[in-house]
Structure formats: C-alpha cells, structure tokens
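Undergrad: data.txt (compact mmCIF, C-alpha atoms) pasted underneath:
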```txt
# COMPACT_ATOMS: atom_id res chain seq x y z
CA MET A 1 -18.20 -8.78 119.41
CA PRO A 2 -15.31 -9.14 121.89
CA ASN A 3 -14.66 -5.92 123.84
CA LEU A 4 -11.93 -4.88 126.24
CA CYS A 5 -11.84 -1.85 128.52
CA ARG A 6 -8.35 -0.37 128.32
CA ASP A 7 -8.75 1.33 131.70
CA CYS A 8 -10.00 -1.46 133.99
CA LEU A 9 -9.20 -4.45 131.68
CA THR A 10 -12.76 -5.81 131.82
CA MET A 11 -13.72 -8.16 128.97
CA PHE A 12 -17.34 -8.02 127.79
CA GLU A 13 -19.60 -8.65 124.78
CA THR A 14 -22.04 -5.73 124.60
CA GLN A 15 -21.21 -2.57 122.64
CA GLY A 16 -20.68 0.83 124.26
CA ARG A 17 -18.95 2.02 127.39
CA CYS A 18 -17.36 -0.38 129.83
CA PRO A 19 -20.10 -1.90 132.05
CA ALA A 20 -17.64 -2.10 134.97
CA CYS A 21 -16.11 1.39 135.11
CA GLY A 22 -18.29 3.31 132.65
CA ARG A 23 -15.35 4.67 130.67
CA PRO A 24 -15.29 4.95 126.88
CA ARG A 25 -11.75 3.65 126.16
CA VAL A 26 -13.00 0.35 124.79
CA LEU A 27 -11.39 -1.90 122.19
CA SER A 28 -13.80 -3.78 119.91
CA HIS A 29 -12.72 -6.23 117.23
CA PRO A 30 -13.96 -9.67 116.07
CA GLU A 31 -10.43 -11.14 116.36
CA LEU A 32 -9.38 -9.18 119.45
CA PHE A 33 -8.75 -12.24 121.62
CA ASP A 34 -7.32 -14.43 118.82
CA LEU A 35 -4.28 -12.38 117.76
CA SER A 36 -0.88 -12.64 119.43
CA ILE A 37 1.81 -10.73 117.48
CA ALA A 38 2.35 -7.24 118.86
CA HIS A 39 4.49 -4.16 118.41
CA MET A 40 4.85 -1.68 121.29
CA ASP A 41 6.17 1.79 120.54
CA CYS A 42 6.69 4.33 123.33
CA ASP A 43 5.16 7.77 122.76
CA ALA A 44 7.80 10.50 122.24
CA PHE A 45 10.02 8.45 124.53
CA PHE A 46 12.97 10.76 125.23
CA ALA A 47 10.72 13.80 125.68
CA SER A 48 8.33 11.83 127.88
CA VAL A 49 11.17 10.80 130.20
CA GLU A 50 12.27 14.43 130.47
CA LYS A 51 8.73 15.59 131.27
CA ARG A 52 8.31 12.85 133.85
CA ASP A 53 11.57 13.77 135.58
CA ASN A 54 10.92 17.52 135.39
CA PRO A 55 7.21 18.33 135.93
CA ASP A 56 7.85 21.99 135.00
CA LEU A 57 8.16 20.79 131.40
CA ARG A 58 4.85 18.91 131.38
CA ASP A 59 2.77 21.47 129.45
CA LYS A 60 5.60 22.94 127.40
CA PRO A 61 6.88 22.02 123.94
CA VAL A 62 10.09 20.05 124.48
CA ILE A 63 12.78 19.28 121.91
CA ILE A 64 15.53 16.79 122.64
CA GLY A 65 18.77 17.42 120.78
CA GLY A 66 21.96 19.40 120.41
CA GLY A 67 21.88 23.13 120.83
CA GLY A 68 23.65 25.69 118.70
CA GLY A 69 23.34 26.47 115.03
CA ARG A 70 24.44 23.03 113.85
CA GLY A 71 22.42 20.94 116.30
CA VAL A 72 19.70 18.56 115.16
CA VAL A 73 16.46 17.32 116.69
CA ALA A 74 16.67 13.83 118.19
CA THR A 75 12.96 13.79 119.02
CA ALA A 76 10.22 16.14 120.18
CA CYS A 77 7.11 15.95 122.31
CA TYR A 78 3.68 16.01 120.67
CA ILE A 79 3.14 19.69 121.52
CA ALA A 80 6.23 20.57 119.47
CA ARG A 81 5.27 18.13 116.72
CA ILE A 82 1.98 19.96 116.22
CA LYS A 83 4.10 22.99 115.28
CA GLY A 84 5.90 20.93 112.64
CA VAL A 85 9.02 19.87 114.56
CA ARG A 86 10.35 16.50 113.41
CA SER A 87 13.26 14.19 114.19
CA ALA A 88 16.50 14.89 112.29
CA MET A 89 15.39 18.47 111.58
CA PRO A 90 18.08 21.17 112.03
CA MET A 91 17.63 22.78 115.42
CA PHE A 92 17.52 26.31 114.02
CA LYS A 93 14.60 25.35 111.78
CA ALA A 94 12.79 23.62 114.67
CA LEU A 95 13.10 26.79 116.77
CA GLN A 96 11.78 28.88 113.89
CA LEU A 97 8.69 26.69 113.84
CA CYS A 98 8.38 26.56 117.64
CA PRO A 99 10.37 29.42 119.22
CA GLU A 100 8.84 28.82 122.66
CA ALA A 101 10.23 25.27 122.81
CA VAL A 102 12.52 24.14 125.62
CA VAL A 103 15.62 22.41 124.21
CA VAL A 104 16.98 19.63 126.41
CA ALA A 105 20.27 17.81 125.87
CA PRO A 106 19.84 14.02 125.65
CA ARG A 107 20.36 11.97 128.84
CA MET A 108 20.98 8.50 127.49
CA SER A 109 21.51 6.95 130.91
CA ALA A 110 18.00 8.00 131.97
CA TYR A 111 16.49 6.70 128.73
CA SER A 112 18.37 3.41 129.06
CA GLU A 113 17.14 2.94 132.61
CA ALA A 114 13.53 3.58 131.57
CA SER A 115 13.93 1.25 128.59
CA LYS A 116 15.27 -1.50 130.83
CA ALA A 117 12.27 -1.17 133.16
CA ILE A 118 9.87 -1.45 130.22
CA ARG A 119 11.78 -4.43 128.82
CA GLU A 120 11.48 -6.21 132.17
CA MET A 121 7.71 -5.71 132.02
CA MET A 122 7.62 -7.18 128.50
CA ASP A 123 9.75 -10.13 129.58
CA GLU A 124 7.09 -10.93 132.17
CA LEU A 125 4.58 -11.40 129.36
CA THR A 126 6.66 -13.58 127.04
CA PRO A 127 10.25 -14.73 126.48
CA LYS A 128 9.81 -13.84 122.79
CA VAL A 129 10.66 -10.15 122.79
CA GLU A 130 12.55 -8.56 119.88
CA PRO A 131 13.76 -5.05 120.75
CA LEU A 132 14.22 -2.68 117.82
CA SER A 133 15.51 0.26 119.83
CA LEU A 134 15.27 1.70 123.34
CA ASP A 135 11.61 2.55 122.88
CA GLU A 136 10.05 -0.16 120.71
CA ALA A 137 9.88 -3.93 120.44
CA PHE A 138 7.98 -6.82 118.89
CA MET A 139 6.39 -9.44 121.14
CA ASP A 140 5.01 -12.88 120.34
CA LEU A 141 2.44 -13.85 122.97
CA SER A 142 1.34 -17.08 121.26
CA GLY A 143 0.49 -19.74 123.83
CA THR A 144 0.71 -17.41 126.84
CA ALA A 145 -3.03 -17.21 127.60
CA THR A 146 -2.91 -20.27 129.87
CA LEU A 147 0.07 -18.91 131.83
CA HIS A 148 -1.49 -15.48 132.36
CA GLY A 149 -5.13 -16.51 132.51
CA ALA A 150 -6.01 -13.89 129.89
CA PRO A 151 -5.68 -13.37 126.11
CA PRO A 152 -2.67 -11.46 124.72
CA ALA A 153 -4.78 -8.31 124.12
CA VAL A 154 -5.55 -8.06 127.83
CA MET A 155 -1.92 -8.51 128.83
CA LEU A 156 -0.80 -5.85 126.34
CA ALA A 157 -3.38 -3.39 127.70
CA ARG A 158 -2.10 -4.22 131.18
CA LEU A 159 1.48 -3.57 130.01
CA VAL A 160 0.82 0.00 128.85
CA LYS A 161 -1.34 0.61 131.94
CA ARG A 162 1.59 -0.45 134.15
CA MET A 163 3.99 1.70 132.13
CA ARG A 164 1.78 4.71 132.76
CA GLU A 165 1.13 4.04 136.45
CA GLU A 166 4.55 2.74 137.54
CA LEU A 167 6.95 4.52 135.17
CA GLY A 168 5.01 7.62 134.18
CA LEU A 169 5.45 6.75 130.48
CA THR A 170 3.00 5.88 127.73
CA GLY A 171 3.14 3.60 124.72
CA SER A 172 1.05 2.53 121.74
CA ILE A 173 0.22 -1.06 120.84
CA GLY A 174 -0.27 -2.66 117.45
CA LEU A 175 -1.80 -6.16 117.51
CA SER A 176 -2.09 -8.42 114.48
CA HIS A 177 -1.16 -11.81 113.03
CA ASN A 178 2.36 -10.88 111.83
CA LYS A 179 5.17 -8.39 112.43
CA PHE A 180 4.55 -6.27 109.35
CA LEU A 181 0.96 -5.50 110.26
CA ALA A 182 1.63 -5.17 114.01
CA LYS A 183 4.16 -2.40 113.31
CA ILE A 184 1.74 -0.59 111.01
CA ALA A 185 -1.02 -0.88 113.61
CA SER A 186 1.06 0.62 116.43
CA ASP A 187 1.35 3.89 114.52
CA LEU A 188 -2.33 4.26 113.63
CA ASP A 189 -3.58 5.95 116.80
CA LYS A 190 -0.64 7.56 118.61
CA PRO A 191 -0.23 8.57 121.37
CA ARG A 192 -1.68 6.01 123.82
CA GLY A 193 -3.09 4.02 120.93
CA PHE A 194 -4.12 0.39 120.66
CA SER A 195 -4.97 -0.70 117.13
CA VAL A 196 -5.86 -4.12 115.78
CA ILE A 197 -5.56 -5.49 112.24
CA GLY A 198 -7.24 -8.87 111.92
CA LEU A 199 -6.58 -11.65 109.45
CA ALA A 200 -9.98 -11.35 107.75
CA GLU A 201 -9.61 -7.62 107.05
CA THR A 202 -5.94 -7.59 106.03
CA GLU A 203 -6.27 -7.13 102.27
CA SER A 204 -9.15 -4.65 102.48
CA PHE A 205 -7.31 -2.64 105.13
CA LEU A 206 -4.14 -2.39 103.03
CA ALA A 207 -5.79 -1.74 99.65
CA ASP A 208 -5.78 2.07 99.64
CA LYS A 209 -2.76 2.56 101.90
CA PRO A 210 0.42 4.08 100.43
CA VAL A 211 3.32 1.71 99.86
CA LYS A 212 5.56 4.01 101.94
CA LEU A 213 4.12 2.11 104.92
CA ILE A 214 6.38 -0.79 103.98
CA TRP A 215 9.21 -0.83 106.49
CA GLY A 216 12.51 -0.35 104.67
CA VAL A 217 11.08 1.34 101.58
CA GLY A 218 12.62 4.80 101.79
CA LYS A 219 12.33 7.81 99.50
CA VAL A 220 14.46 6.24 96.77
CA GLY A 221 12.38 3.07 96.89
CA GLN A 222 9.17 5.07 96.73
CA VAL A 223 10.39 6.88 93.61
CA SER A 224 11.19 3.54 91.94
CA LEU A 225 7.75 2.20 92.80
CA GLU A 226 6.01 5.35 91.57
CA LYS A 227 7.87 5.11 88.24
CA ALA A 228 6.28 1.67 87.88
CA GLY A 229 2.85 3.15 88.67
CA ILE A 230 2.77 1.69 92.19
CA ARG A 231 1.49 4.11 94.83
CA THR A 232 -0.84 1.97 96.92
CA PHE A 233 -1.01 -1.65 98.02
CA ALA A 234 -3.84 -2.18 95.53
CA ASP A 235 -1.49 -1.07 92.74
CA LEU A 236 1.17 -3.45 94.02
CA ARG A 237 -1.29 -6.33 94.24
CA ARG A 238 -2.06 -6.10 90.52
CA TRP A 239 1.51 -7.07 89.62
CA ASP A 240 2.42 -10.65 88.87
CA HIS A 241 5.01 -12.23 91.18
CA ASP A 242 7.53 -12.91 88.41
CA ASP A 243 7.15 -9.41 86.97
CA LEU A 244 7.85 -7.86 90.37
CA GLN A 245 10.99 -9.96 90.75
CA ALA A 246 12.12 -9.06 87.24
CA ARG A 247 11.63 -5.35 87.97
CA PHE A 248 12.84 -5.13 91.57
CA GLY A 249 15.00 -8.23 92.07
CA SER A 250 14.86 -9.95 95.47
CA LEU A 251 12.75 -7.07 96.83
CA GLY A 252 10.04 -8.05 94.36
CA ASP A 253 9.31 -11.30 96.19
CA ARG A 254 8.97 -9.44 99.49
CA LEU A 255 6.73 -6.80 97.91
CA TRP A 256 4.43 -9.45 96.44
CA HIS A 257 3.86 -11.05 99.85
CA LEU A 258 3.56 -7.80 101.79
CA ALA A 259 0.99 -6.54 99.25
CA ARG A 260 -1.22 -9.34 100.58
CA GLY A 261 -0.29 -8.74 104.20
CA GLN A 262 1.86 -11.87 104.36
CA ASP A 263 4.96 -11.85 106.58
CA ALA A 264 6.50 -15.14 107.70
CA ARG A 265 9.25 -13.58 109.85
CA SER A 266 9.30 -14.84 113.42
CA ILE A 267 10.00 -12.76 116.50
CA SER A 268 13.76 -12.94 116.93
CA GLN A 269 14.81 -13.06 120.56
CA ARG A 270 18.11 -11.19 120.41
CA GLN A 271 19.28 -11.95 123.90
CA THR A 272 18.41 -14.37 126.63
CA VAL A 273 16.73 -13.16 129.77
CA LYS A 274 19.46 -12.48 132.33
CA SER A 275 17.31 -11.56 135.29
CA ILE A 276 13.81 -11.67 136.73
CA SER A 277 12.61 -8.68 138.69
CA LYS A 278 9.56 -6.81 139.89
CA GLU A 279 9.24 -3.28 141.19
CA THR A 280 6.59 -0.86 142.37
CA THR A 281 6.32 2.91 142.66
CA PHE A 282 4.74 4.49 145.75
CA SER A 283 2.16 7.27 145.63
CA THR A 284 4.15 9.07 148.37
CA ASP A 285 7.81 8.67 149.32
CA THR A 286 8.48 6.44 152.33
CA MET A 287 11.26 5.04 154.47
CA SER A 288 8.94 3.11 156.78
CA LEU A 289 10.45 -0.33 157.38
CA ASP A 290 7.01 -1.81 157.91
CA VAL A 291 5.72 -0.54 154.56
CA LEU A 292 8.90 -1.46 152.68
CA ASP A 293 8.98 -4.92 154.29
CA LYS A 294 5.47 -5.76 153.04
CA HIS A 295 6.38 -4.66 149.54
CA ILE A 296 9.58 -6.69 149.57
CA TRP A 297 7.61 -9.82 150.47
CA ARG A 298 5.00 -9.19 147.75
CA LEU A 299 7.66 -8.52 145.12
CA SER A 300 9.68 -11.55 146.21
CA GLU A 301 6.61 -13.74 145.77
CA GLN A 302 6.06 -12.38 142.27
CA VAL A 303 9.70 -12.90 141.29
CA SER A 304 9.55 -16.41 142.73
CA ASP A 305 6.36 -17.23 140.83
CA ARG A 306 7.88 -16.07 137.55
CA ALA A 307 11.10 -17.99 138.13
CA LYS A 308 9.21 -21.18 139.00
CA ALA A 309 7.00 -20.80 135.92
CA LYS A 310 10.15 -20.56 133.76
CA ALA A 311 11.92 -23.38 135.67
CA GLN A 312 14.73 -20.99 136.52
CA ALA A 313 16.61 -20.02 139.67
CA GLY A 314 19.01 -17.19 140.46
CA ARG A 315 22.37 -17.03 142.17
CA VAL A 316 22.20 -13.29 142.93
CA VAL A 317 19.45 -11.35 144.74
CA THR A 318 19.13 -7.65 143.94
CA LEU A 319 17.35 -4.86 145.81
CA LYS A 320 16.62 -1.66 143.86
CA LEU A 321 15.63 1.60 145.53
CA LYS A 322 14.90 4.96 143.93
CA ARG A 323 14.80 8.29 145.75
CA SER A 324 12.39 11.14 145.04
CA ASN A 325 14.98 12.81 142.79
CA HIS A 326 15.11 9.60 140.67
CA THR A 327 18.63 8.67 141.76
CA SER A 328 18.89 4.92 142.27
CA LEU A 329 20.51 2.62 144.80
CA THR A 330 21.21 -0.99 143.87
CA ARG A 331 22.34 -3.59 146.37
CA ARG A 332 23.22 -7.21 145.49
CA GLN A 333 24.08 -10.37 147.38
CA THR A 334 25.49 -13.55 145.84
CA LEU A 335 24.08 -16.75 147.32
CA SER A 336 26.03 -19.92 148.03
CA GLY A 337 23.69 -21.73 145.65
CA SER A 338 20.74 -20.84 143.42
CA THR A 339 17.14 -20.29 144.48
CA ASN A 340 13.67 -19.46 143.24
CA MET A 341 12.09 -19.68 146.70
CA ALA A 342 10.16 -16.60 147.78
CA ASP A 343 11.26 -17.00 151.40
CA GLN A 344 14.97 -16.89 150.61
CA ILE A 345 14.61 -14.08 148.07
CA TYR A 346 12.65 -12.06 150.65
CA ARG A 347 15.07 -12.65 153.52
CA THR A 348 18.07 -11.73 151.39
CA ALA A 349 16.42 -8.58 150.01
CA ARG A 350 15.25 -7.58 153.49
CA SER A 351 18.81 -7.81 154.86
CA LEU A 352 19.95 -5.56 152.01
CA LEU A 353 17.20 -3.07 152.88
CA ASP A 354 18.26 -2.94 156.52
CA LYS A 355 21.66 -1.65 155.39
CA ALA A 356 20.22 0.97 153.00
CA VAL A 357 16.99 2.25 154.56
CA GLN A 358 18.67 5.31 156.13
CA GLU A 359 19.39 6.63 152.63
CA GLY A 360 15.65 7.11 152.00
CA PRO A 361 12.91 8.14 151.69
CA PHE A 362 12.14 6.18 148.56
CA ARG A 363 9.66 6.47 145.72
CA LEU A 364 10.30 3.02 144.23
CA ILE A 365 11.41 -0.40 145.41
CA GLY A 366 12.30 -3.46 143.36
CA VAL A 367 13.44 -7.02 143.96
CA GLY A 368 15.10 -9.34 141.48
CA ILE A 369 17.27 -12.39 140.90
CA SER A 370 20.01 -12.73 138.29
CA ASN A 371 22.74 -15.11 137.11
CA LEU A 372 19.89 -17.39 136.12
CA VAL A 373 20.27 -21.16 135.82
CA SER A 374 17.93 -24.10 135.50
CA ASP A 375 16.02 -24.73 138.72
CA GLU A 376 17.12 -28.37 138.64
CA GLY A 377 19.01 -28.82 141.87
CA ALA A 378 18.15 -25.32 143.13
CA HIS A 379 18.24 -25.32 146.88
CA VAL A 380 17.95 -23.18 149.94
CA SER A 381 21.45 -22.21 151.01
CA SER A 382 22.42 -24.26 154.01
CA ASP A 383 22.89 -21.92 156.93
CA LEU A 384 23.83 -23.28 160.34
CA LEU A 385 22.43 -20.09 161.88
CA ASP A 386 19.03 -20.70 160.28
CA PRO A 387 18.05 -24.32 160.94
CA ASP A 388 14.39 -23.62 160.00
CA ALA A 389 15.23 -22.68 156.39
CA ASN A 390 14.45 -26.13 155.03
CA LYS A 391 11.17 -26.25 156.95
CA ARG A 392 10.08 -22.97 155.39
CA ALA A 393 11.12 -24.20 151.94
CA ASN A 394 9.05 -27.37 152.37
CA ALA A 395 6.08 -25.29 153.51
CA GLU A 396 6.46 -23.05 150.44
CA ARG A 397 6.51 -26.05 148.12
CA ALA A 398 3.36 -27.38 149.79
CA ARG A 399 1.75 -23.96 149.37
CA ASP A 400 2.66 -23.98 145.66
CA GLU A 401 0.97 -27.34 145.20
CA ILE A 402 -2.21 -26.06 146.88
CA ARG A 403 -2.21 -23.00 144.62
CA LYS A 404 -1.81 -25.15 141.52
CA LYS A 405 -4.84 -27.15 142.52
CA PHE A 406 -7.15 -24.50 143.95
CA GLY A 407 -5.92 -21.18 142.56
CA LYS A 408 -3.43 -18.48 143.46
CA ASP A 409 -5.54 -17.02 146.29
CA ALA A 410 -6.28 -20.36 147.93
CA ILE A 411 -3.50 -19.81 150.45
CA ILE A 412 -1.60 -16.62 151.24
CA LYS A 413 0.63 -15.30 153.99
CA GLY A 414 -0.65 -12.62 156.31
CA ARG A 415 2.35 -10.51 155.29
CA SER A 416 0.83 -10.31 151.78
CA LEU A 417 -2.37 -8.61 152.94
```
Output the file's structure as structure tokens, nothing else.
TA:
Amino acid sequence: MPNLCRDCLTMFETQGRCPACGRPRVLSHPELFDLSIAHMDCDAFFASVEKRDNPDLRDKPVIIGGGGGRGVVATACYIARIKGVRSAMPMFKALQLCPEAVVVAPRMSAYSEASKAIREMMDELTPKVEPLSLDEAFMDLSGTATLHGAPPAVMLARLVKRMREELGLTGSIGLSHNKFLAKIASDLDKPRGFSVIGLAETESFLADKPVKLIWGVGKVGQVSLEKAGIRTFADLRRWDHDDLQARFGSLGDRLWHLARGQDARSISQRQTVKSISKETTFSTDTMSLDVLDKHIWRLSEQVSDRAKAKAQAGRVVTLKLKRSNHTSLTRRQTLSGSTNMADQIYRTARSLLDKAVQEGPFRLIGVGISNLVSDEGAHVSSDLLDPDANKRANAERARDEIRKKFGKDAIIKGRSL
C-alpha cells in the first residue's frame, strides 16, 4: 500500500506512523501515486488571513462581514462555525449564536495578495490551474512527475506545507481522477484535510451519498430530485439514461454520468501565466545585506530553473519585500532584452535591494520575472560596463548541462550554501 507522510513528505510501503519522522499524519491509498486531478480549498480563508495578520485573534471566534443590524456574514473561522455561524447568515443572528465573536470588516486587498501568493505556488506545480475563487482552484498535474521527480500527491502535500510555513495559511486537498470527485474529496476532512477518491472505489464511495453533493444542484434541484424519489447516488443510478433526460432535460445526461462518477471536463486554464516568482519568509525579521543577498541568489536560481523548464524568459525583474507589519515594497527593473539566466536575475534584483534595504527590516523577500516571452533568442543584456556578463552566461549554461546529466546538486555555487 503506497503511503505518504504529510509532514516530512516521505514515501513508504509499510502501514503505521512515518518511519522517518514518527508522526501519524500519513496518507494511505492504493491509487495514491496514480491520480493527478486535484482541488485545493483554503480553510476559512478570509478569517485565516485576519488571524495570521493579528495574532490576538488566533484563539477567538472571528466573523468576517458587515456590522450593524443589516450586515451579513461573509465567512467565519472554525471556532465560530462550531457555534452554528455560517456564510450569508444575518449578522445579528450570528452574534446571537456566538456573542463573544470578533467581527472584522473584509480587507479584500489582503485576501487578494494572499491568493496571488498561493496561485504562484500552484503555478510552480503545473500550468493547468483553474481558479474558482480567491481561495480555491482545480489543478491537473498529469505528466508532471518527471519534471518534479515526485508523484502529484507528494507535490500537493508539499504545496499545503509551503502555504502553512511560508504564508501562515492552511488548505485542504482533494485528489481523484476527475474534477467532480476532486471537489467532493477536498471537503471530506476539513480543515487541513487531504482526501483521495480512487477510480476503483468511485461507485461504492458515491452509493450512499446524498445527491446534494452534486455541484450546481441547489435547494430547488434537490426538491425536484426528491419528488422523483432520488435522494442518494444509488437512487440516481437506478434510472435509465433516457428517462433521466425526459424528466430533467439536459441536466439528466449530466446526472446519469455523475451518478457513476464520470466527469469528462478538463481543467480550464483561464489565464496565461504572466510571471514566474519565488519568495521566502524569515523566522526573524532581518535587514542584513549578507543574509538577504544569499536568499536573492537562491530565489533567482529557482526562478531561472522554472523559466528554463518552461522555455520562457522575462523582460522585467521584480524584487518583493515585506515588513514585519505586512506592508509590502515592490521594485521593478525593465531589461534591454529578455533573460532566464540566474546570474542576470540575481544581479538585477540585488541592485534593487541596495536601493531599498534601509526601509527594512524585512520578514519576507521574493524575486520574480514578468513580461514573459519565449526563451528563443533570450540573451544577457549587453553592458559595456560589464564585459564578463557573457562569460558568466556561458558558465551558467555549462553548469545547466552538467546538472541535466548528473543531477541538480552535481554543481552548485558557494553562494547557495
């Protein structure tokens, strides 16, 4: 039986706790490393961002929404949900259920920034990302195992681990063989869940489940189905295809297929990737040039590797810095050409840092490239003041060839240590 430790990402065969770290958060499933369609849903996203940004709220019930007698609940943390608070509930009713709750007005700019950071992490896994909202998205990781050197399940566990460690946010994963089942799975074990629905178990898993699990079947649809004696997937499966179409029209065809766990919809990439970036959060704030310099090099290498893997290059280099109060600084420089070379990305980002370091200390640093184009013809900008640029570029290309042949750690710069 394939097993995966969600804490240290160790893959193993024996049952029980992880043999590497001894922890019990282990995923076990016969198809764990064969499935590639996923749905990621953040846990109480708005409330989680507020608790992250204001630690005083961490152990308190938090409701996001408008105040006053006519306000409504946008979302609530899990502490408030235990008391019965739900989205779209009138605020006065929510406060009757949970009078000790702290009501916080929505900060969409903060949620958008967090969403963008999560989306960038997902884009690193696959170009096939279909966002549904700020806090959830489908991903198709088919064919990515060779690129990442690990099955999709491992990369998804790494994604939510990074979200927790770098962004202070959590999410739940649903992994299956199609979108319909992946979305169902992501809601089975919230918060911080990771649920798998395999191909072999699909019909048995669905049999006793209520048809309200079907995405898009609201209360009116449920009433119509109940009038036809359909409450579970097993009830739905007993209907003939033509009879379902006669009773429910075009929806009948969809219901017939979903009753058997069949969903042919592909992941729809709604927008092209406009940038490639990497960032890291420090355990303690710093404005040390030496520390920041090493991180800029490491991040520049990672951005370069991703760009080269996608055969892309960028015309703009971006440096992102975040202070301890979560206010951000963003500095950009447009190049004379396009590049995906780590050396040029690093040198440009480092010059941007030199101009901004006095505004620290910083809790986060990020490096990225944007205005992406094909890497065909990408070059190091010719600079008469830097005659060694081409030599460094040639050395980097030689290093890349060595890594392709002998592995990523076959040759590294001392700056990376």
Undergrad: Which residue is closest to Glu165 in chain A? Choose from A:Gln344, A:Asn390, A:Thr280, A:Ser186 and count all atoms listed in the file.
TA: A:Thr280
Undergrad: Using only C-alpha atoms, which residue out of A:Lys128, A:Lys116, A:Ser36, A:Ile63 lies closest to Cys98 in chain A?
TA: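 Going through A:Lys128, A:Lys116, A:Ser36, A:Ile63 one by one, the smallest distance to Cys98 in chain A is for A:Ile63.
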Undergrad: Mind checking which residues fall within 9 Å of Ala20 in chain A, counting only C-alpha atoms, ignoring those fewer than 3 positions away in the same chain, and posting them as a list in words?
TA: Cys5, Cys8, Thr10, Arg17 and Arg23 of chain A
Undergrad: With distances taken over only C-alpha atoms, which residue among A:Ile276, A:Tyr346, A:Phe180, A:Trp297 lies nearest Asn371 in chain A?
TA: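 Of all the options, A:Ile276 lies closest to Asn371 in chain A.
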Undergrad: Interatomic distance between CA of Lys161 in chain A and CA of Ile214 in chain A?
TA: 29.0 Å
Undergrad: Is it possible to get the residues within 9 Å of (21.2, -21.5, 140.5) (coordinates as in the file, counting only C-alpha atoms) written as a PyMOL selection string?
TA: chain A and resi 312-316+335+337-340+371-379
